[in-house]
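S.K.: Below you'll find final_30.cif; it's mmCIF, C-alpha atoms and all ligand atoms.
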```cif
data_final
loop_
_atom_site.label_atom_id
_atom_site.label_comp_id
_atom_site.auth_asym_id
_atom_site.auth_seq_id
_atom_site.Cartn_x
_atom_site.Cartn_y
_atom_site.Cartn_z
CA MET R 1 -2.27 -4.59 26.48
CA ALA R 2 -4.84 -1.82 26.71
CA PHE R 3 -8.38 -2.99 27.32
CA ILE R 4 -11.14 -1.66 25.16
CA PRO R 5 -14.06 -0.59 27.39
CA SER R 6 -17.42 -2.10 26.78
CA SER R 7 -19.33 0.85 25.31
CA LYS R 8 -22.20 2.43 27.19
CA LEU R 9 -23.47 3.76 23.86
CA PRO R 10 -22.61 0.95 21.44
CA ASN R 11 -24.78 2.27 18.62
CA THR R 12 -23.75 5.89 18.87
CA GLY R 13 -20.92 7.49 16.94
CA THR R 14 -19.61 11.05 16.78
CA THR R 15 -22.44 13.59 16.53
CA ILE R 16 -23.30 14.77 13.02
CA PHE R 17 -22.64 18.38 14.11
CA SER R 18 -18.96 17.61 14.71
CA ILE R 19 -18.65 15.55 11.55
CA MET R 20 -20.03 18.29 9.31
CA ALA R 21 -18.15 21.07 11.13
CA LYS R 22 -14.87 19.23 10.58
CA LEU R 23 -15.56 18.50 6.94
CA CYS R 24 -16.64 22.09 6.38
CA ALA R 25 -13.39 23.41 7.86
CA GLU R 26 -11.32 20.95 5.82
CA TYR R 27 -12.84 22.21 2.57
CA ASN R 28 -13.20 25.80 3.72
CA ALA R 29 -16.87 25.57 2.72
CA ILE R 30 -19.71 28.00 3.45
CA ASN R 31 -20.98 26.83 6.80
CA LEU R 32 -24.75 26.40 6.90
CA ALA R 33 -24.34 23.21 8.92
CA GLN R 34 -24.08 23.27 12.74
CA GLY R 35 -26.66 25.70 14.13
CA PHE R 36 -24.80 28.81 15.20
CA PRO R 37 -25.24 32.41 14.09
CA ASP R 38 -22.63 34.79 12.71
CA ILE R 39 -24.67 37.70 14.02
CA PRO R 40 -22.32 40.01 15.99
CA VAL R 41 -22.43 39.68 19.77
CA SER R 42 -23.50 42.86 21.60
CA ASN R 43 -20.43 44.97 22.37
CA LYS R 44 -21.96 45.87 25.68
CA LEU R 45 -22.20 42.21 26.66
CA ILE R 46 -18.57 41.60 25.73
CA GLU R 47 -17.44 44.69 27.62
CA LEU R 48 -19.42 43.63 30.68
CA VAL R 49 -17.90 40.13 30.76
CA THR R 50 -14.44 41.65 30.45
CA GLU R 51 -15.21 44.16 33.14
CA TYR R 52 -16.44 41.47 35.53
CA MET R 53 -13.33 39.42 34.86
CA ARG R 54 -11.14 42.47 35.59
CA LYS R 55 -13.10 43.20 38.75
CA GLY R 56 -12.25 39.71 39.97
CA TYR R 57 -15.42 37.71 39.39
CA ASN R 58 -13.42 34.68 38.36
CA GLN R 59 -14.16 32.03 40.95
CA TYR R 60 -17.00 29.54 41.30
CA ALA R 61 -20.49 30.95 41.02
CA PRO R 62 -23.11 29.58 43.42
CA MET R 63 -23.95 26.04 42.29
CA HIS R 64 -27.39 26.93 40.93
CA GLY R 65 -26.47 30.39 39.57
CA VAL R 66 -25.65 33.99 40.41
CA PRO R 67 -28.62 35.50 42.36
CA ALA R 68 -28.85 38.63 40.19
CA LEU R 69 -29.20 36.49 37.06
CA LEU R 70 -31.78 34.18 38.63
CA GLU R 71 -33.86 37.18 39.68
CA LYS R 72 -33.66 38.82 36.26
CA LEU R 73 -34.76 35.57 34.62
CA SER R 74 -37.70 35.35 36.97
CA ASP R 75 -38.76 38.89 36.00
CA LYS R 76 -38.29 38.12 32.33
CA TYR R 77 -40.56 35.07 32.41
CA LYS R 78 -43.16 36.89 34.43
CA LYS R 79 -43.34 39.41 31.58
CA MET R 80 -43.07 36.86 28.79
CA TYR R 81 -45.35 34.04 29.91
CA GLY R 82 -47.05 35.36 33.04
CA TYR R 83 -45.18 33.16 35.47
CA ALA R 84 -42.39 34.27 37.81
CA PRO R 85 -40.35 31.20 38.78
CA ASP R 86 -38.83 31.24 42.26
CA PRO R 87 -35.17 32.22 41.68
CA GLU R 88 -33.97 30.19 44.67
CA LYS R 89 -36.00 27.04 44.13
CA GLU R 90 -36.89 26.83 40.46
CA ILE R 91 -34.09 28.16 38.25
CA THR R 92 -30.68 26.60 37.61
CA ILE R 93 -27.98 28.01 35.31
CA THR R 94 -26.22 25.28 33.30
CA CYS R 95 -23.29 24.87 30.92
CA GLY R 96 -25.38 25.14 27.79
CA ALA R 97 -28.85 23.77 27.17
CA THR R 98 -27.28 20.41 26.35
CA GLU R 99 -26.14 20.06 29.96
CA ALA R 100 -29.64 21.07 31.05
CA CYS R 101 -31.25 18.38 28.85
CA PHE R 102 -28.81 15.74 30.06
CA THR R 103 -29.33 16.69 33.70
CA ALA R 104 -33.13 16.84 33.41
CA ILE R 105 -33.28 13.39 31.81
CA THR R 106 -30.84 11.92 34.33
CA SER R 107 -32.83 13.37 37.24
CA VAL R 108 -36.02 11.44 36.50
CA VAL R 109 -35.29 8.46 34.25
CA HIS R 110 -34.66 5.17 36.03
CA ARG R 111 -33.70 1.85 34.45
CA GLY R 112 -36.57 0.57 32.32
CA ASP R 113 -38.46 3.88 32.26
CA GLU R 114 -39.87 4.88 28.90
CA VAL R 115 -39.29 8.29 27.36
CA ILE R 116 -41.32 9.53 24.41
CA ILE R 117 -39.22 11.28 21.79
CA PHE R 118 -40.66 12.75 18.60
CA GLU R 119 -38.54 12.22 15.52
CA PRO R 120 -36.69 13.78 13.83
CA ALA R 121 -35.07 14.69 17.15
CA PHE R 122 -31.98 16.54 18.30
CA ASP R 123 -29.44 13.84 19.12
CA CYS R 124 -28.75 14.54 22.80
CA TYR R 125 -32.11 13.37 24.21
CA ALA R 126 -32.07 9.67 23.31
CA ASN R 127 -28.44 9.21 24.27
CA ALA R 128 -29.04 10.59 27.76
CA VAL R 129 -32.02 8.25 28.13
CA LEU R 130 -29.92 5.27 27.06
CA LEU R 131 -27.18 6.14 29.58
CA CYS R 132 -29.82 5.99 32.33
CA GLY R 133 -30.91 2.53 31.19
CA GLY R 134 -34.15 4.08 29.98
CA VAL R 135 -36.04 3.11 26.86
CA PRO R 136 -36.60 5.74 24.16
CA VAL R 137 -40.02 5.35 22.60
CA TYR R 138 -39.81 7.04 19.22
CA ILE R 139 -42.83 8.59 17.61
CA PRO R 140 -42.39 9.97 14.10
CA MET R 141 -43.79 13.43 13.44
CA GLN R 142 -46.33 13.20 10.62
CA TYR R 143 -44.77 13.78 7.24
CA SER R 144 -44.76 16.32 5.61
CA ALA R 145 -46.16 18.88 8.04
CA TYR R 146 -44.11 17.36 10.86
CA SER R 147 -47.06 17.57 13.21
CA ILE R 148 -47.58 15.39 16.26
CA ASN R 149 -50.14 12.60 16.06
CA TRP R 150 -51.62 12.79 19.55
CA ILE R 151 -53.66 9.63 19.03
CA GLU R 152 -50.43 7.74 18.54
CA VAL R 153 -48.96 9.41 21.62
CA ARG R 154 -51.92 8.18 23.71
CA GLU R 155 -51.41 4.69 22.35
CA LYS R 156 -47.72 4.72 23.25
CA ILE R 157 -48.27 5.76 26.89
CA THR R 158 -47.72 2.85 29.29
CA PRO R 159 -47.33 2.59 33.08
CA ARG R 160 -43.56 2.88 32.43
CA THR R 161 -43.80 6.22 30.61
CA LYS R 162 -41.78 8.66 32.71
CA LEU R 163 -40.97 11.56 30.42
CA ILE R 164 -42.15 13.21 27.19
CA VAL R 165 -39.64 15.36 25.32
CA ILE R 166 -41.02 18.26 23.33
CA ASN R 167 -39.05 20.85 21.38
CA SER R 168 -40.70 23.97 19.99
CA PRO R 169 -39.66 25.76 17.82
CA HIS R 170 -38.35 22.48 16.54
CA ASN R 171 -34.86 21.51 15.47
CA PRO R 172 -34.44 20.46 12.64
CA THR R 173 -37.89 20.98 11.06
CA GLY R 174 -38.66 24.58 12.09
CA THR R 175 -42.21 23.62 13.11
CA THR R 176 -43.88 25.00 16.24
CA LEU R 177 -46.40 23.61 18.70
CA SER R 178 -49.85 25.24 18.78
CA VAL R 179 -52.27 25.95 21.62
CA HIS R 180 -54.11 22.81 20.50
CA ASP R 181 -50.91 20.74 20.88
CA MET R 182 -50.38 22.12 24.38
CA HIS R 183 -53.95 21.21 25.35
CA GLU R 184 -53.51 17.69 23.98
CA LEU R 185 -50.36 17.34 26.06
CA GLU R 186 -52.16 18.64 29.14
CA THR R 187 -54.87 16.02 28.73
CA ILE R 188 -52.35 13.23 28.25
CA VAL R 189 -50.28 13.94 31.39
CA LYS R 190 -53.24 14.84 33.62
CA GLY R 191 -53.23 12.72 36.76
CA LYS R 192 -50.24 10.65 35.63
CA GLU R 193 -46.71 10.65 36.96
CA ILE R 194 -45.28 11.75 33.63
CA PHE R 195 -42.78 14.58 33.36
CA ILE R 196 -42.05 16.83 30.40
CA LEU R 197 -38.75 18.08 29.08
CA SER R 198 -39.55 21.16 27.02
CA ASP R 199 -36.58 22.25 24.96
CA GLU R 200 -37.39 25.87 24.11
CA VAL R 201 -33.96 27.14 23.14
CA TYR R 202 -35.46 28.86 20.06
CA GLU R 203 -38.26 30.52 22.07
CA HIS R 204 -37.31 33.96 20.69
CA ILE R 205 -37.12 32.88 17.06
CA VAL R 206 -40.74 32.45 15.97
CA PHE R 207 -42.01 33.73 12.62
CA ASP R 208 -45.08 35.13 10.91
CA GLY R 209 -46.39 36.87 14.01
CA GLN R 210 -47.25 33.68 15.88
CA PRO R 211 -46.87 33.64 19.65
CA HIS R 212 -44.54 31.07 21.19
CA GLU R 213 -46.37 28.43 23.20
CA SER R 214 -44.18 27.81 26.23
CA VAL R 215 -44.97 25.22 28.90
CA LEU R 216 -44.50 28.08 31.36
CA LYS R 217 -47.79 29.58 30.10
CA TYR R 218 -49.74 26.45 31.08
CA PRO R 219 -50.03 25.81 34.84
CA ASN R 220 -50.91 22.14 34.30
CA LEU R 221 -47.82 21.60 32.18
CA ARG R 222 -45.44 23.84 34.11
CA GLN R 223 -46.01 21.85 37.30
CA CYS R 224 -44.46 18.73 35.73
CA SER R 225 -41.98 20.28 33.28
CA PHE R 226 -38.34 21.05 32.88
CA PHE R 227 -38.33 24.21 30.75
CA ILE R 228 -34.95 24.58 29.09
CA SER R 229 -33.58 27.61 27.28
CA SER R 230 -30.27 28.97 26.09
CA PHE R 231 -28.39 32.24 26.36
CA GLY R 232 -26.28 30.88 23.51
CA LYS R 233 -29.18 30.97 21.05
CA THR R 234 -30.65 34.20 22.39
CA TYR R 235 -27.47 36.30 22.52
CA HIS R 236 -25.48 34.67 19.67
CA ILE R 237 -22.97 33.21 22.11
CA THR R 238 -23.28 29.44 21.54
CA GLY R 239 -19.60 29.03 22.42
CA TRP R 240 -20.02 30.45 25.91
CA ARG R 241 -22.05 27.37 26.86
CA MET R 242 -24.70 29.12 28.92
CA GLY R 243 -28.16 27.66 29.39
CA TYR R 244 -30.75 27.23 32.13
CA CYS R 245 -33.55 25.10 33.41
CA ILE R 246 -36.77 26.21 35.09
CA ALA R 247 -38.68 23.50 36.93
CA PRO R 248 -40.89 23.18 40.00
CA PRO R 249 -39.00 22.87 43.33
CA SER R 250 -39.25 19.07 43.60
CA LEU R 251 -37.83 18.62 40.09
CA THR R 252 -35.22 21.34 40.54
CA TYR R 253 -34.08 19.67 43.76
CA GLU R 254 -33.29 16.44 41.91
CA PHE R 255 -31.89 18.36 38.93
CA ARG R 256 -29.37 20.21 41.10
CA LYS R 257 -28.21 17.01 42.78
CA ILE R 258 -26.88 15.95 39.40
CA HIS R 259 -25.78 19.35 38.09
CA GLN R 260 -23.59 19.85 41.20
CA PHE R 261 -21.55 16.73 40.47
CA ASN R 262 -21.37 17.23 36.77
CA THR R 263 -20.28 20.83 36.21
CA PHE R 264 -20.98 22.23 39.69
CA SER R 265 -21.69 25.71 38.31
CA ALA R 266 -21.56 27.75 35.10
CA HIS R 267 -19.12 30.45 33.98
CA THR R 268 -19.17 33.24 36.59
CA PRO R 269 -18.37 36.48 34.71
CA SER R 270 -20.84 35.60 31.94
CA GLN R 271 -23.60 35.21 34.50
CA TYR R 272 -23.04 38.70 35.93
CA ALA R 273 -22.85 40.22 32.45
CA LEU R 274 -26.02 38.45 31.28
CA ALA R 275 -27.85 39.63 34.39
CA ASP R 276 -27.03 43.21 33.37
CA VAL R 277 -28.22 42.89 29.78
CA LEU R 278 -31.42 41.03 30.67
CA ASP R 279 -33.09 44.37 31.42
CA ASP R 280 -32.92 45.20 27.74
CA SER R 281 -35.83 43.16 26.37
CA GLU R 282 -35.24 44.51 22.83
CA MET R 283 -32.20 42.25 22.62
CA TYR R 284 -34.40 39.18 22.55
CA LEU R 285 -37.70 40.62 21.34
CA SER R 286 -36.06 41.78 18.09
CA LEU R 287 -34.74 38.33 17.21
CA SER R 288 -37.81 36.97 15.45
CA THR R 289 -37.85 39.89 12.99
CA LEU R 290 -34.12 39.65 12.35
CA LEU R 291 -34.21 35.92 11.65
CA GLU R 292 -37.47 36.09 9.71
CA GLU R 293 -35.77 38.50 7.30
CA LYS R 294 -32.94 36.04 6.89
CA ARG R 295 -35.37 33.17 6.32
CA ASN R 296 -37.21 35.19 3.68
CA PHE R 297 -34.00 36.24 2.00
CA PHE R 298 -32.61 32.70 1.88
CA THR R 299 -35.82 31.06 0.69
CA ALA R 300 -36.30 33.73 -2.01
CA ALA R 301 -32.71 33.21 -3.15
CA LEU R 302 -33.37 29.46 -3.48
CA LYS R 303 -36.59 29.87 -5.45
CA LYS R 304 -34.96 29.02 -8.75
CA SER R 305 -33.09 26.02 -7.34
CA ARG R 306 -34.20 22.41 -7.65
CA PHE R 307 -34.42 22.08 -3.86
CA VAL R 308 -37.94 21.84 -2.46
CA LEU R 309 -38.25 23.88 0.72
CA TYR R 310 -40.39 23.05 3.75
CA PRO R 311 -42.08 25.83 5.73
CA SER R 312 -39.88 27.13 8.55
CA ARG R 313 -42.01 28.72 11.26
CA GLY R 314 -39.29 29.20 13.85
CA THR R 315 -35.63 28.37 14.73
CA TYR R 316 -32.88 29.29 12.29
CA PHE R 317 -33.22 26.18 10.21
CA GLN R 318 -34.58 25.50 6.78
CA LEU R 319 -35.30 21.97 5.57
CA ALA R 320 -34.86 21.22 1.88
CA SER R 321 -35.56 18.10 -0.16
CA TYR R 322 -33.01 17.27 -2.86
CA GLU R 323 -35.15 14.51 -4.33
CA LYS R 324 -35.24 16.22 -7.72
CA ILE R 325 -31.46 16.44 -7.78
CA SER R 326 -30.22 13.07 -6.64
CA ASP R 327 -31.25 9.77 -5.10
CA GLU R 328 -28.07 9.42 -3.06
CA PRO R 329 -28.41 8.79 0.69
CA ASP R 330 -28.55 12.11 2.56
CA MET R 331 -25.19 11.59 4.32
CA GLN R 332 -23.49 11.04 1.01
CA PHE R 333 -25.26 13.99 -0.62
CA ALA R 334 -24.38 16.33 2.27
CA LYS R 335 -20.72 15.34 2.14
CA ARG R 336 -20.62 15.75 -1.64
CA LEU R 337 -22.18 19.19 -1.26
CA VAL R 338 -19.18 20.21 0.83
CA ARG R 339 -16.53 18.58 -1.33
CA GLU R 340 -17.86 19.49 -4.76
CA TYR R 341 -19.82 22.68 -4.15
CA GLY R 342 -18.31 24.18 -1.01
CA VAL R 343 -21.56 24.43 0.97
CA ALA R 344 -22.06 22.60 4.27
CA CYS R 345 -25.46 21.51 5.60
CA ILE R 346 -26.74 18.84 8.01
CA PRO R 347 -28.37 15.67 6.67
CA VAL R 348 -31.60 14.81 8.51
CA SER R 349 -31.28 11.00 8.79
CA PRO R 350 -29.08 11.24 11.95
CA PHE R 351 -32.12 12.78 13.68
CA TYR R 352 -33.86 9.38 13.38
CA HIS R 353 -32.86 6.35 15.48
CA ASN R 354 -33.31 4.16 12.37
CA HIS R 355 -31.55 6.72 10.11
CA LEU R 356 -34.69 7.23 8.05
CA ASP R 357 -33.50 8.81 4.84
CA GLN R 358 -36.07 11.03 3.17
CA LYS R 359 -33.58 12.93 1.00
CA ILE R 360 -33.83 15.99 3.20
CA ILE R 361 -31.06 18.28 4.45
CA ARG R 362 -31.04 21.18 6.90
CA PHE R 363 -29.55 24.60 6.27
CA CYS R 364 -28.82 27.14 9.03
CA PHE R 365 -29.77 30.62 7.79
CA ALA R 366 -28.57 32.62 10.83
CA LYS R 367 -25.84 34.06 8.64
CA HIS R 368 -24.86 37.32 7.00
CA ARG R 369 -26.80 38.18 3.82
CA ASP R 370 -23.68 37.89 1.67
CA THR R 371 -22.98 34.40 2.99
CA LEU R 372 -26.57 33.33 2.32
CA ALA R 373 -26.48 34.89 -1.16
CA GLN R 374 -23.20 33.17 -1.96
CA ALA R 375 -24.49 29.79 -0.76
CA ALA R 376 -27.78 30.22 -2.64
CA GLU R 377 -25.96 31.06 -5.86
CA VAL R 378 -24.08 27.77 -5.68
CA LEU R 379 -27.17 25.80 -4.63
CA CYS R 380 -29.15 27.17 -7.57
CA LYS R 381 -26.62 25.68 -9.97
CA ILE R 382 -27.00 22.12 -8.68
N1 LIG R 401 -28.09 23.02 18.22
C1 LIG R 401 -27.11 23.05 17.19
C2 LIG R 401 -27.64 22.45 15.90
O1 LIG R 401 -28.67 21.83 15.88
C3 LIG R 401 -25.85 22.29 17.48
C4 LIG R 401 -25.54 21.93 18.85
C5 LIG R 401 -24.41 20.96 18.91
O2 LIG R 401 -23.53 20.92 18.03
N2 LIG R 401 -24.42 20.14 19.89
O3 LIG R 401 -26.99 22.57 14.92
#
```
Reformat the file's structure so that it appears as structure tokens.
Ligand code: GLN
M.R.:
Amino acid sequence: MAFIPSSKLPNTGTTIFSIMAKLCAEYNAINLAQGFPDIPVSNKLIELVTEYMRKGYNQYAPMHGVPALLEKLSDKYKKMYGYAPDPEKEITITCGATEACFTAITSVVHRGDEVIIFEPAFDCYANAVLLCGGVPVYIPMQYSAYSINWIEVREKITPRTKLIVINSPHNPTGTTLSVHDMHELETIVKGKEIFILSDEVYEHIVFDGQPHESVLKYPNLRQCSFFISSFGKTYHITGWRMGYCIAPPSLTYEFRKIHQFNTFSAHTPSQYALADVLDDSEMYLSLSTLLEEKRNFFTAALKKSRFVLYPSRGTYFQLASYEKISDEPDMQFAKRLVREYGVACIPVSPFYHNHLDQKIIRFCFAKHRDTLAQAAEVLCKI
């Protein structure tokens, strides 16, 4: 008889991104669900990866990353946020930002440690905390602006607080943190042994001319933060699984101890190719304009629909309330949208530990105009 293992994550099922992707494929629906773009990948980047493979760069990369890539990233962040991280001691290339988040959490969270997570939240943070025996402390973002109530954060800090997870631009709400938010955070962590995981994978997708507030810009935050970003989101290559973490040497030291026994290193030819294209800052500096156009196009196309749209200030996500259409639970509504209308989205309740259902769904608008127009046409008829 086969034994059934006692689950380490008894209350966790399959991630909503897999569920909706599968359903979408089954019904051949328009995929505005899982967050990935259909924007073409740079030919140059593809040629470079191929070239490096042909040249024989097919074995393990150094555990923390290819030196050329680490150096280029250091230069990039010097230009972007005024801080040049030490390539040898502060940057680690990972298999996607998800590996970086998992590794960062695992490096600092001990049994019983508390981790502040703002909800709605991307699903990988809390599960990594739970695997470490840590305690997620959930703080809801304030409806409907999805802002952070810093008074509540202060109240939730205890001697066991070890980590605060922030994510700006924010998945799934599309909100961004302001200078004021960063100052509040600085005040809260000052003099305390509290670390920050700053998930900034959408750092290059910020709208309406606002600057992106990165922890790397703030010396008091940077000294206790894991900054995490993603080549996948920046170069439209989410399937290559390429991310990275920038953190001070003492944090990076612990981070690498775990990374080395998890994936050891990331894909070698991609690292060389990305190092080459990093010189071309237009490739990432043009992203905000490109995605802002898509946001504007999609929201304009939905104007006549019965969906109520929330402001999206960054990321490639648009939240929409379907309250005027139906009072079904969001999971049920999202699945029906696929089956009956052929459009896939992501319901928002899985981003809450208690599955808070506010009749809101998330659309990904990083898609071709025709796809967005086609989806909007259907959505306007509901
Ligand atoms: N970040 C992507 C999203 O929010 C999905 C990532 C994943 O599927 N793990 O849709």
S.K.: Could you pull out the residues sitting within 10 Å of ligand LIG 401 (chain R), using only C-alpha atoms and all ligand atoms, and write them as number ranges by chain?
M.R.: R: 15-21, 32-36, 96-98, 121-124, 170-172, 201-202, 232-233, 238-239, 315-317, 345-346, 351, 362-364
S.K.: Set the distance at 10 Å and use only C-alpha atoms: which residues neighbour Ala247 in chain R once local chain neighbours fewer than 4 positions away are removed? I'd like the list as a ChimeraX atom specification.
M.R.: /R:85-86,89-92,104,196-197,216,222-228,251-253,255
S.K.: Do you have the CA of Glu26 in chain R-CA of Phe298 in chain R distance handy?
M.R.: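 Value for the CA of Glu26 in chain R-CA of Phe298 in chain R distance: 24.6 Å.
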S.K.: Report, in Å with one decimal, the straight-line distance from CA of Lys22 in chain R to CA of Met331 in chain R.
M.R.: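 Taking CA of Lys22 in chain R and CA of Met331 in chain R, their separation equals 14.3 Å.
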S.K.: Which of these, R:Pro87, R:Gly65, R:Pro37, R:Gly56, has the shortest distance to Phe365 in chain R once you count only C-alpha atoms?
M.R.: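 The shortest atom-to-atom distance to Phe365 in chain R comes from R:Pro37.
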S.K.: Which value, in Å to one decimal, gives the distance between CA of Asp357 in chain R and CA of Glu323 in chain R?
M.R.: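 Computing it gives 10.9 Å between the two atoms.
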S.K.: Which is closest to Tyr218 in chain R among R:Tyr27, R:Arg336, R:Glu88, R:Tyr83, if we use only C-alpha atoms?
M.R.: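 Using only C-alpha atoms, Tyr218 in chain R sits closest to R:Tyr83.
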S.K.: Around the point (-43.2, 26.6, 8.7), in the coordinates given by the file, pick out the residues reaching within 8 Å, counting all atoms listed in the file, and return them as a list in words.
M.R.: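 All residues meeting the 8 Å criterion around (-43.2, 26.6, 8.7) are Gly174, Thr175, Thr176, Tyr310, Pro311, Ser312, Arg313 and Gly314 of chain R.
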S.K.: With C-alpha atoms retained, could you export that selection as a PDB file, keeping the file's coordinate frame?
M.R.:
```pdb
ATOM      1  CA  GLY R 174     -38.660  24.580  12.090  1.00  0.00           C
ATOM      2  CA  THR R 175     -42.210  23.620  13.110  1.00  0.00           C
ATOM      3  CA  THR R 176     -43.880  25.000  16.240  1.00  0.00           C
ATOM      4  CA  TYR R 310     -40.390  23.050   3.750  1.00  0.00           C
ATOM      5  CA  PRO R 311     -42.080  25.830   5.730  1.00  0.00           C
ATOM      6  CA  SER R 312     -39.880  27.130   8.550  1.00  0.00           C
ATOM      7  CA  ARG R 313     -42.010  28.720  11.260  1.00  0.00           C
ATOM      8  CA  GLY R 314     -39.290  29.200  13.850  1.00  0.00           C
TER       9      GLY R 314
END
```
S.K.: Tell me, as a list in words, which residues lie within 10 Å of Val135 in chain R, counting all atoms listed in the file; anything in the same chain fewer than 5 positions away does not count.
M.R.: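 Selected residues are Val109, His110, Arg111, Gly112, Asp113, Glu114, Val115, Ile116, Ala126, Val129, Leu130, Arg160, Thr161 and Lys162 of chain R.
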S.K.: Produce a file of the selected residues containing C-alpha atoms, as a PDB file, keeping the file's coordinate frame.
M.R.:
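Final file, selection14.pdb:
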```
ATOM      1  CA  VAL R 109     -35.290   8.460  34.250  1.00  0.00           C
ATOM      2  CA  HIS R 110     -34.660   5.170  36.030  1.00  0.00           C
ATOM      3  CA  ARG R 111     -33.700   1.850  34.450  1.00  0.00           C
ATOM      4  CA  GLY R 112     -36.570   0.570  32.320  1.00  0.00           C
ATOM      5  CA  ASP R 113     -38.460   3.880  32.260  1.00  0.00           C
ATOM      6  CA  GLU R 114     -39.870   4.880  28.900  1.00  0.00           C
ATOM      7  CA  VAL R 115     -39.290   8.290  27.360  1.00  0.00           C
ATOM      8  CA  ILE R 116     -41.320   9.530  24.410  1.00  0.00           C
ATOM      9  CA  ALA R 126     -32.070   9.670  23.310  1.00  0.00           C
ATOM     10  CA  VAL R 129     -32.020   8.250  28.130  1.00  0.00           C
ATOM     11  CA  LEU R 130     -29.920   5.270  27.060  1.00  0.00           C
ATOM     12  CA  ARG R 160     -43.560   2.880  32.430  1.00  0.00           C
ATOM     13  CA  THR R 161     -43.800   6.220  30.610  1.00  0.00           C
ATOM     14  CA  LYS R 162     -41.780   8.660  32.710  1.00  0.00           C
TER      15      LYS R 162
END
```
S.K.: From the options R:Ile164, R:Leu45, R:Ile151, R:Val308, which residue's atoms come nearest to Tyr138 in chain R, counting only C-alpha atoms?
M.R.: R:Ile164
S.K.: Which residue is closest to Leu163 in chain R? Choose from R:Cys132, R:Ile117, R:Glu186, R:Phe3 and count all atoms listed in the file.
M.R.: R:Ile117
S.K.: Listing only residues of range 164-266 of chain R within 10 Å of range 66-72 of chain R, what is the closest atom pair and its distance in Å (to one decimal) for each, using all atoms listed in the file, sorted by chain and residue number ascending, as CSV?
M.R.:
```
residue,atom,partner,partner_atom,distance
R:Tyr244,CA,R:Leu70,CA,9.6
R:Ser265,CA,R:Val66,CA,9.4
R:Ala266,CA,R:Val66,CA,9.2
```
S.K.: Using only C-alpha atoms, which of R:Leu185, R:Leu278, R:Gln142, R:Phe195 sits nearest Lys44 in chain R?
M.R.: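 The closest residue to Lys44 in chain R is R:Leu278.
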S.K.: Would you place a box with edges along x, y and z of the file around all atoms of range 86-100 of chain R listed there, add 6 Å to each of its six sides, and report the centre and edge lengths in Å to one decimal, as JSON?
M.R.:
```
{"center_x": -31.1, "center_y": 26.1, "center_z": 35.5, "size_x": 27.5, "size_y": 24.2, "size_z": 30.3}
```
